[in-house]
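Asker: Sending over a structure as structure tokens; questions will come in a sec.
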Protein chains: 2
Amino acid sequence: LALLGTGYMGGSVALALRAAGRVQRIRGFDIAPGHAESAVARGIIDEIAASAVAAVEGADVVLVGVPVRSIAALVVEIAPALAPDGVVTDLGSTKRGVVEAADAAFSELSRFVGGHPLAGAERSGPEAADAGLFQGRICFLTPTARTKPDALARVEQMWAGLGAQVRRLDAQDHDILMGVASHLPHAVAYALAGAVAGGPGTRGLTAGGFRDTTRIASSDPVMWRDIFLENRGPVLAAIDRFSAELAGLRALVEREDGPALLAALERLRGAREWVLG
Amino acid sequence: LALLGTGYMGGSVALALRAAGRVQRIRGFDIAPGHAESAVARGIIDEIAASAVAAVEGADVVLVGVPVRSIAALVVEIAPALAPDGVVTDLGSTKRGVVEAADAAFSELSRFVGGHPLAGAERSGPEAADAGLFQGRICFLTPTARTKPDALARVEQMWAGLGAQVRRLDAQDHDILMGVASHLPHAVAYALAGAVAGGPGTRGLTAGGFRDTTRIASSDPVMWRDIFLENRGPVLAAIDRFSAELAGLRALVEREDGPALLAALERLRGAREWVLG
């Protein structure tokens, strides 16, 4: 395995593969100072490569765990150095732009398989890597018409071997889904943190509700700048959907419509349960 | 102690008082069918009174644990039946309206002390009552110019004895603070649950972020209808403050301003840490 980006997500996959006995040797590369060294110290990788291209030489699987806006360029850079049977997959939270650009790096069938494990990511760095992160979690794979079938099969087997539930999804459908289900909650949490901080004397006087609703506002700002920009259209649409819902609640409070407000809160409480399945 | 309303919050205070050895006998009354019986079964109360008025006879402290819009009328109802030294306190999440109406039930100095422990309340019913709920938590008390000093002292001692940190605050300041720090996160969580439920195919496909950001949307709709209406002005102002923050983020995404978006996300992540103190 070649691991490009040895941080929280990539490091967690590496540790999980080791725990499952599904990998022999892991060569890693990271541009963040100290990350690759920490990854060696934590047993995430066996050796540090001098470059991304050097890391992928002879690798069966290349796992790209870098911020979403850096994935496509990295795949283009390493594609010529891939072993003939080598496959490339990633962990990015948005897929359409990545998959289009990565597919274009292969002149025949694409050996890139877009991947996105649905696992919490408000932590960062190799120190936080967790071998159990993917057990029972959903992992989206977004093959295209150009994806080489056995590349897809190998990446599916990898995730299934880590205990994840694999779901195939069109890349654009994935991005619209995640715009609502994941990116919107992050935008809301960030904005809520700002609104409460700007309120009168709130410091130290919030309860568990604030802590939970804003937990994901502790996520990495660089990662989320990238996700919001990469998935701009679906994110804007999701924010507008949310704003309409909040405006509806606000109007019921403003006109003091108790019965309609109660009905709305009951519907919304039920909506949460429904979404959680 | 007389406990009017034997649900989650009131029941938790009763269990905490028992655990601390600060109460001898608890008489309870609840209009919800079965609640008082469950409270006896859980050891929350010793006996069930036939009415609220009957419950308070001879009680040293009357604890009102009913939805916020029912508190004032209940205090007015029981005030004539109070023992000469009896004091009344409550657990309501909004204070201005309650305190004004309750104070008016006493012709001389008021023996009502507004109280609000900052403790999670998405659960409900006596079954959920928890003796450890208040340990280390903040409890606001909102005395007025008319509050009888030794009534305040007794309620302060009660909360301090349960391990809570007591903070005195003007009732209106309390409501503005809570409008931002607590009621706003609830409104946002409810609206977010609705927006995600209305999104395409989101059922069962969210990650921990959605679960956490919307946890408090599982709160009791009747309780939150009451809070939103009772604290209408501050809640509307808080929603507007939040909407402006979210609109600012949205604008940065829309015009693809990466540097400003990164700066905003870094500021908002820091805002969360600052609020948590």
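By order of appearance in the structure tokens: chains A, B, ..., then residues from 1 within every chain, and ligands from 1 in the order shown.
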Fewer than 2 positions away in the same chain doesn't count, so skip those; otherwise give me all residues within 6 Å of Gly86 of chain B, counting only C-alpha atoms, as a ChimeraX atom specification.

Answerer: /B:60-61,82-84

Asker: Can you pull out the residues contacting segment 175-183 of chain B? Cut-off 6 Å, using only C-alpha atoms, and skip same-chain residues under 2 positions away; I want them as a list of chain:residue names.

Answerer: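 The neighbour list is A:Val196, A:Thr206, B:Thr94, B:Gln172, B:Asp173, B:Pro185, B:His186, B:Pro234, B:Val235, B:Ala238.
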
Asker: Could the residues in this selection be saved with N, CA, C and O atoms as a CSV table (one decimal), in the first residue's frame?

Answerer:
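Saved result, selection.csv, follows:
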```
chain,number,residue,atom,x,y,z
A,196,VAL,N,-23.5,32.4,18.7
A,196,VAL,CA,-23.5,32.3,20.2
A,196,VAL,C,-22.3,33.1,20.8
A,196,VAL,O,-22.4,33.8,21.8
A,206,THR,N,-23.1,28.1,28.4
A,206,THR,CA,-24.0,27.3,27.6
A,206,THR,C,-24.1,25.9,28.2
A,206,THR,O,-23.3,25.6,29.1
B,94,THR,N,-37.2,29.9,30.9
B,94,THR,CA,-37.3,31.4,30.7
B,94,THR,C,-37.8,32.0,32.0
B,94,THR,O,-38.5,31.3,32.8
B,172,GLN,N,-34.6,39.4,32.9
B,172,GLN,CA,-34.5,39.8,31.5
B,172,GLN,C,-33.2,39.5,30.9
B,172,GLN,O,-33.1,39.0,29.8
B,173,ASP,N,-32.1,39.8,31.6
B,173,ASP,CA,-30.8,39.4,31.1
B,173,ASP,C,-30.6,37.9,30.9
B,173,ASP,O,-30.0,37.4,29.9
B,185,PRO,N,-29.8,27.3,19.6
B,185,PRO,CA,-29.3,26.0,19.2
B,185,PRO,C,-30.5,25.0,19.0
B,185,PRO,O,-30.4,24.2,18.1
B,186,HIS,N,-31.5,25.1,19.8
B,186,HIS,CA,-32.7,24.2,19.7
B,186,HIS,C,-33.4,24.5,18.4
B,186,HIS,O,-33.7,23.6,17.6
B,234,PRO,N,-36.3,37.7,22.5
B,234,PRO,CA,-34.9,37.3,22.4
B,234,PRO,C,-34.7,36.1,21.4
B,234,PRO,O,-33.6,36.0,20.8
B,235,VAL,N,-35.7,35.2,21.3
B,235,VAL,CA,-35.5,34.1,20.3
B,235,VAL,C,-35.4,34.6,18.9
B,235,VAL,O,-34.6,34.2,18.1
B,238,ALA,N,-32.2,36.2,18.3
B,238,ALA,CA,-31.1,35.3,18.2
B,238,ALA,C,-31.1,34.6,16.9
B,238,ALA,O,-30.0,34.3,16.2
```

Asker: Please report, as an MDAnalysis selection string, each residue of segment 5-252 of chain B to which DSSP assigns helix (DSSP H, G or I) when run on this structure's backbone.

Answerer: chainID B and resid 8:19 35:41 52:56 68:81 96:103 126:128 149:161 171:197 208:213 215:218 221:230 232:252

Asker: What's the 12 Å shell around Leu133 of chain A, counting only C-alpha atoms, without same-chain residues fewer than 2 positions away, as a PyMOL selection string?

Answerer: (chain A and resi 8-17+19+117-121+123+128-131+135-139+159+162-164) or (chain B and resi 207-208)

Asker: Could you tell me how far atom CA of Pro126 of chain A lies from atom CA of Arg96 of chain A, in Å and to one decimal?

Answerer: 26.9 Å

Asker: Counting only C-alpha atoms, figure out which residue out of B:His35, B:Arg168, B:Arg154, B:Arg269 gets nearest to chain A.

Answerer: B:Arg269

Asker: Contacts of His116 of chain B at 10 Å or less, counting only C-alpha atoms, minus same-chain residues fewer than 4 places along, as an MDAnalysis selection string?

Answerer: chainID B and resid 89:95 138:142 166:167 174

Asker: Which neighbours of Pro149 of chain B fall inside 9 Å, counting only C-alpha atoms, when residues of the same chain fewer than 5 positions from it are skipped, and could you give them as a list of chain:residue names?

Answerer: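 Listed by chain and then number, they are B:Leu109, B:Arg111, B:Pro143, B:Arg154.
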
Asker: May I ask for the distance between atom CA of Thr202 of chain A and atom CA of Trp274 of chain B, given in Å to one decimal place?

Answerer: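 Here the two named atoms are 9.5 Å from each other.
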
Asker: Near Ser107 of chain B, within 12 Å and counting only C-alpha atoms, which residues show up once chain neighbours fewer than 6 positions away are dropped, as a list in words?

Answerer: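 Once the adjacent positions are removed, what remains is Val76, Ala79, Pro80, Arg146, Thr147 and Lys148 of chain B.
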
Asker: Using only C-alpha atoms, which protein or nucleic acid residues come within 10 Å of Glu245 of chain A? Drop anything in the same chain fewer than 6 positions from it, and give the result as a PDB file with all heavy atoms, in the first residue's frame.

Answerer:
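File part-v9.pdb, as written:
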```pdb
ATOM      1  N   ILE A 239     -28.014  25.031   2.032  1.00  0.00           N
ATOM      2  CA  ILE A 239     -28.165  26.156   2.963  1.00  0.00           C
ATOM      3  C   ILE A 239     -29.511  26.838   2.730  1.00  0.00           C
ATOM      4  O   ILE A 239     -30.208  27.197   3.686  1.00  0.00           O
ATOM      5  CB  ILE A 239     -26.994  27.159   2.821  1.00  0.00           C
ATOM      6  CG1 ILE A 239     -25.687  26.524   3.353  1.00  0.00           C
ATOM      7  CG2 ILE A 239     -27.291  28.463   3.560  1.00  0.00           C
ATOM      8  CD1 ILE A 239     -24.443  27.385   3.155  1.00  0.00           C
ATOM      9  N   LEU A 268     -40.660  17.943  13.144  1.00  0.00           N
ATOM     10  CA  LEU A 268     -39.201  18.019  13.017  1.00  0.00           C
ATOM     11  C   LEU A 268     -38.511  16.994  13.914  1.00  0.00           C
ATOM     12  O   LEU A 268     -37.496  16.415  13.537  1.00  0.00           O
ATOM     13  CB  LEU A 268     -38.726  19.444  13.325  1.00  0.00           C
ATOM     14  CG  LEU A 268     -39.236  20.482  12.318  1.00  0.00           C
ATOM     15  CD1 LEU A 268     -38.991  21.900  12.828  1.00  0.00           C
ATOM     16  CD2 LEU A 268     -38.586  20.282  10.952  1.00  0.00           C
TER      17      LEU A 268
ATOM     18  N   VAL B 188     -32.253  25.885  15.713  1.00  0.00           N
ATOM     19  CA  VAL B 188     -31.384  25.479  14.606  1.00  0.00           C
ATOM     20  C   VAL B 188     -31.412  23.960  14.432  1.00  0.00           C
ATOM     21  O   VAL B 188     -31.498  23.447  13.309  1.00  0.00           O
ATOM     22  CB  VAL B 188     -29.946  25.996  14.853  1.00  0.00           C
ATOM     23  CG1 VAL B 188     -28.944  25.291  13.957  1.00  0.00           C
ATOM     24  CG2 VAL B 188     -29.899  27.516  14.642  1.00  0.00           C
ATOM     25  N   TYR B 190     -33.793  21.823  15.294  1.00  0.00           N
ATOM     26  CA  TYR B 190     -35.086  21.413  14.724  1.00  0.00           C
ATOM     27  C   TYR B 190     -35.112  21.684  13.213  1.00  0.00           C
ATOM     28  O   TYR B 190     -35.509  20.833  12.418  1.00  0.00           O
ATOM     29  CB  TYR B 190     -36.230  22.169  15.406  1.00  0.00           C
ATOM     30  CG  TYR B 190     -36.712  21.583  16.725  1.00  0.00           C
ATOM     31  CD1 TYR B 190     -36.555  22.280  17.923  1.00  0.00           C
ATOM     32  CD2 TYR B 190     -37.362  20.351  16.775  1.00  0.00           C
ATOM     33  CE1 TYR B 190     -37.019  21.767  19.139  1.00  0.00           C
ATOM     34  CE2 TYR B 190     -37.835  19.827  17.977  1.00  0.00           C
ATOM     35  CZ  TYR B 190     -37.659  20.536  19.157  1.00  0.00           C
ATOM     36  OH  TYR B 190     -38.121  20.021  20.349  1.00  0.00           O
ATOM     37  N   ALA B 191     -34.690  22.890  12.826  1.00  0.00           N
ATOM     38  CA  ALA B 191     -34.745  23.239  11.401  1.00  0.00           C
ATOM     39  C   ALA B 191     -33.793  22.358  10.592  1.00  0.00           C
ATOM     40  O   ALA B 191     -34.103  21.956   9.458  1.00  0.00           O
ATOM     41  CB  ALA B 191     -34.397  24.722  11.211  1.00  0.00           C
ATOM     42  N   LEU B 192     -32.651  22.033  11.173  1.00  0.00           N
ATOM     43  CA  LEU B 192     -31.683  21.197  10.457  1.00  0.00           C
ATOM     44  C   LEU B 192     -32.245  19.786  10.244  1.00  0.00           C
ATOM     45  O   LEU B 192     -32.078  19.197   9.165  1.00  0.00           O
ATOM     46  CB  LEU B 192     -30.373  21.145  11.242  1.00  0.00           C
ATOM     47  CG  LEU B 192     -29.211  20.395  10.588  1.00  0.00           C
ATOM     48  CD1 LEU B 192     -28.872  20.996   9.228  1.00  0.00           C
ATOM     49  CD2 LEU B 192     -27.985  20.442  11.496  1.00  0.00           C
ATOM     50  N   ALA B 193     -32.920  19.262  11.256  1.00  0.00           N
ATOM     51  CA  ALA B 193     -33.536  17.938  11.099  1.00  0.00           C
ATOM     52  C   ALA B 193     -34.518  17.951   9.929  1.00  0.00           C
ATOM     53  O   ALA B 193     -34.547  17.027   9.108  1.00  0.00           O
ATOM     54  CB  ALA B 193     -34.240  17.533  12.396  1.00  0.00           C
ATOM     55  N   GLY B 194     -35.306  19.016   9.825  1.00  0.00           N
ATOM     56  CA  GLY B 194     -36.276  19.115   8.740  1.00  0.00           C
ATOM     57  C   GLY B 194     -35.609  19.253   7.382  1.00  0.00           C
ATOM     58  O   GLY B 194     -36.020  18.630   6.401  1.00  0.00           O
ATOM     59  N   ALA B 195     -34.557  20.065   7.317  1.00  0.00           N
ATOM     60  CA  ALA B 195     -33.884  20.283   6.038  1.00  0.00           C
ATOM     61  C   ALA B 195     -33.231  18.995   5.540  1.00  0.00           C
ATOM     62  O   ALA B 195     -33.282  18.676   4.352  1.00  0.00           O
ATOM     63  CB  ALA B 195     -32.838  21.388   6.180  1.00  0.00           C
ATOM     64  N   GLY B 198     -35.754  16.488   4.327  1.00  0.00           N
ATOM     65  CA  GLY B 198     -36.306  16.866   3.031  1.00  0.00           C
ATOM     66  C   GLY B 198     -35.318  16.719   1.885  1.00  0.00           C
ATOM     67  O   GLY B 198     -35.676  16.892   0.721  1.00  0.00           O
TER      68      GLY B 198
END
```

Asker: Can you list, as a VMD selection string, every residue of segment 87-221 of chain B that DSSP puts in strand (DSSP E or B)?

Answerer: chain B and resid 87 to 90 110 112 to 113 115 to 117 138 to 141 147 165 to 168

Asker: Quick one: distance from atom CA of Gly28 of chain B to atom CA of Glu100 of chain B in Å, one decimal?

Answerer: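 Those two atoms sit 25.1 Å apart.
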
Asker: With only C-alpha atoms as the atoms that count, which of A:Asp150, A:Glu266, A:Glu127, A:Asp220 lies nearest to Glu37 of chain A?

Answerer: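 Distance minimum relative to Glu37 of chain A lands on A:Glu127.
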
Asker: Select, from A:Ala217, A:Ala247, A:Asp240, A:Glu156, the residue with the minimum atom-to-atom distance to chain B, counting only C-alpha atoms.

Answerer: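 Under the stated criterion, the closest residue is A:Ala217.
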
Asker: When distances are computed from only C-alpha atoms, which of A:Ser243, A:Thr213, A:Ser110, A:Thr144 shows the smallest separation from chain B?

Answerer: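 Among A:Ser243, A:Thr213, A:Ser110, A:Thr144, it is A:Thr213 that comes nearest to chain B.
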